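Everything below concerns the one structure shown next.
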Amino acid sequence: MLVPLPAPAADGSEAFTQYCGVCHGVDGEGLDGAGVNLLGSEFVRRASERELVEFLQTGRLADDPASRTGRPMPEFSWLSETELPTIAAFLKSAGSSSVRN
């Protein structure tokens, strides 16, 4: 069971749902055959918000050795300079505040 996210990341949750939810699920839980579970993700936990923004701007190719799905992660460089940091903050918050029972 997941505990709801705290309010500070609420703005980022809307952008996350709109742009990332189709692959990663609306709450970041991941979808089979599409996107990995981002809740408690080691990658998200270790990356700074700035590093996450940079990753979102560039994406990842399907054949990248770090790819866990073998599918491409699209780049979101076209998103505004305000949307990307809110998504990164949402990811950091989701990764640190999710609790599994």
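Every chain in the structure tokens has a letter given in the order shown (A, B, ...), and although residue numbers restart at 1 in each chain, ligands are simply numbered from 1 in the order shown.
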
Residue set, chain A restricted to strand (DSSP E or B), as an mmCIF file with N, CA and C atoms, in the first residue's frame:
data_model
loop_
_atom_site.group_PDB
_atom_site.id
_atom_site.type_symbol
_atom_site.label_atom_id
_atom_site.label_comp_id
_atom_site.auth_asym_id
_atom_site.auth_seq_id
_atom_site.Cartn_x
_atom_site.Cartn_y
_atom_site.Cartn_z
ATOM 1 N N LEU A 31 4.198 0.727 -15.290
ATOM 2 C CA LEU A 31 3.247 -0.078 -16.047
ATOM 3 C C LEU A 31 4.018 -1.148 -16.795
ATOM 4 N N GLY A 35 6.830 1.601 -18.628
ATOM 5 C CA GLY A 35 7.788 2.358 -17.829
ATOM 6 C C GLY A 35 8.002 1.728 -16.470
ATOM 7 N N ARG A 60 16.328 8.693 -22.845
ATOM 8 C CA ARG A 60 17.253 7.553 -22.905
ATOM 9 C C ARG A 60 16.877 6.686 -24.099
ATOM 10 N N MET A 73 13.071 6.090 -23.569
ATOM 11 C CA MET A 73 12.467 7.080 -22.678
ATOM 12 C C MET A 73 12.540 8.382 -23.457
#

Please run DSSP on the backbone and report, as JSON, numbers by chain, all residues within chain A that come out as helix (DSSP H, G or I).
-> {"A": [7, 8, 9, 10, 11, 12, 13, 14, 15, 16, 17, 18, 19, 21, 22, 23, 24, 42, 43, 44, 45, 46, 49, 50, 51, 52, 53, 54, 55, 56, 57, 58, 83, 84, 85, 86, 87, 88, 89, 90, 91, 92, 93, 94, 95, 96, 97]}

Figure out the distance between CA of Tyr19 (chain A) and CA of Val44 (chain A), please, to one decimal in Å.
->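 Those two atoms sit 17.0 Å apart.
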
Within 9 Å of Ala15 (chain A) using only C-alpha atoms, minus same-chain residues under 6 positions, as a PyMOL selection string | chain A and resi 21+83-84+86-87

Extract, using only C-alpha atoms, all DNA, RNA and protein residues at most 12 Å from Leu52 (chain A), discarding same-chain residues fewer than 4 positions from it, and format them as a PyMOL selection string.
-> chain A and resi 43-48+56-59+75-76+84-92

For the residues in that selection, give me C-alpha atoms as an mmCIF file, in the first residue's frame.
data_model
loop_
_atom_site.group_PDB
_atom_site.id
_atom_site.type_symbol
_atom_site.label_atom_id
_atom_site.label_comp_id
_atom_site.auth_asym_id
_atom_site.auth_seq_id
_atom_site.Cartn_x
_atom_site.Cartn_y
_atom_site.Cartn_z
ATOM 1 C CA PHE A 43 18.039 6.139 -9.829
ATOM 2 C CA VAL A 44 15.577 8.768 -8.601
ATOM 3 C CA ARG A 45 16.809 8.536 -5.018
ATOM 4 C CA ARG A 46 20.475 9.069 -5.968
ATOM 5 C CA ALA A 47 19.940 11.809 -8.558
ATOM 6 C CA SER A 48 19.629 15.452 -7.582
ATOM 7 C CA LEU A 56 14.094 14.469 -18.535
ATOM 8 C CA GLN A 57 15.501 16.890 -21.109
ATOM 9 C CA THR A 58 17.546 14.210 -22.894
ATOM 10 C CA GLY A 59 15.660 10.946 -22.319
ATOM 11 C CA GLU A 75 13.075 13.479 -24.145
ATOM 12 C CA PHE A 76 10.986 16.297 -22.743
ATOM 13 C CA LEU A 84 10.603 20.167 -15.583
ATOM 14 C CA PRO A 85 11.707 21.147 -12.057
ATOM 15 C CA THR A 86 8.216 20.503 -10.679
ATOM 16 C CA ILE A 87 8.253 17.012 -12.194
ATOM 17 C CA ALA A 88 11.717 16.411 -10.731
ATOM 18 C CA ALA A 89 10.522 17.606 -7.299
ATOM 19 C CA PHE A 90 7.505 15.301 -7.577
ATOM 20 C CA LEU A 91 9.771 12.341 -8.389
ATOM 21 C CA LYS A 92 12.068 13.079 -5.451
#

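CA of Asp32 (chain A) is found 22.6 Å from CA of Ser93 (chain A).
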
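Proximity to Leu38 (chain A) at 9 Å, evaluated using only C-alpha atoms and with sequence-adjacent residues fewer than 2 positions away removed, yields His24, Asp27, Gly28, Glu29, Gly30, Gly35, Val36, Gly40, Ser41, Glu42, Phe43, Val44, Leu91, Ala94 and Gly95 of chain A.
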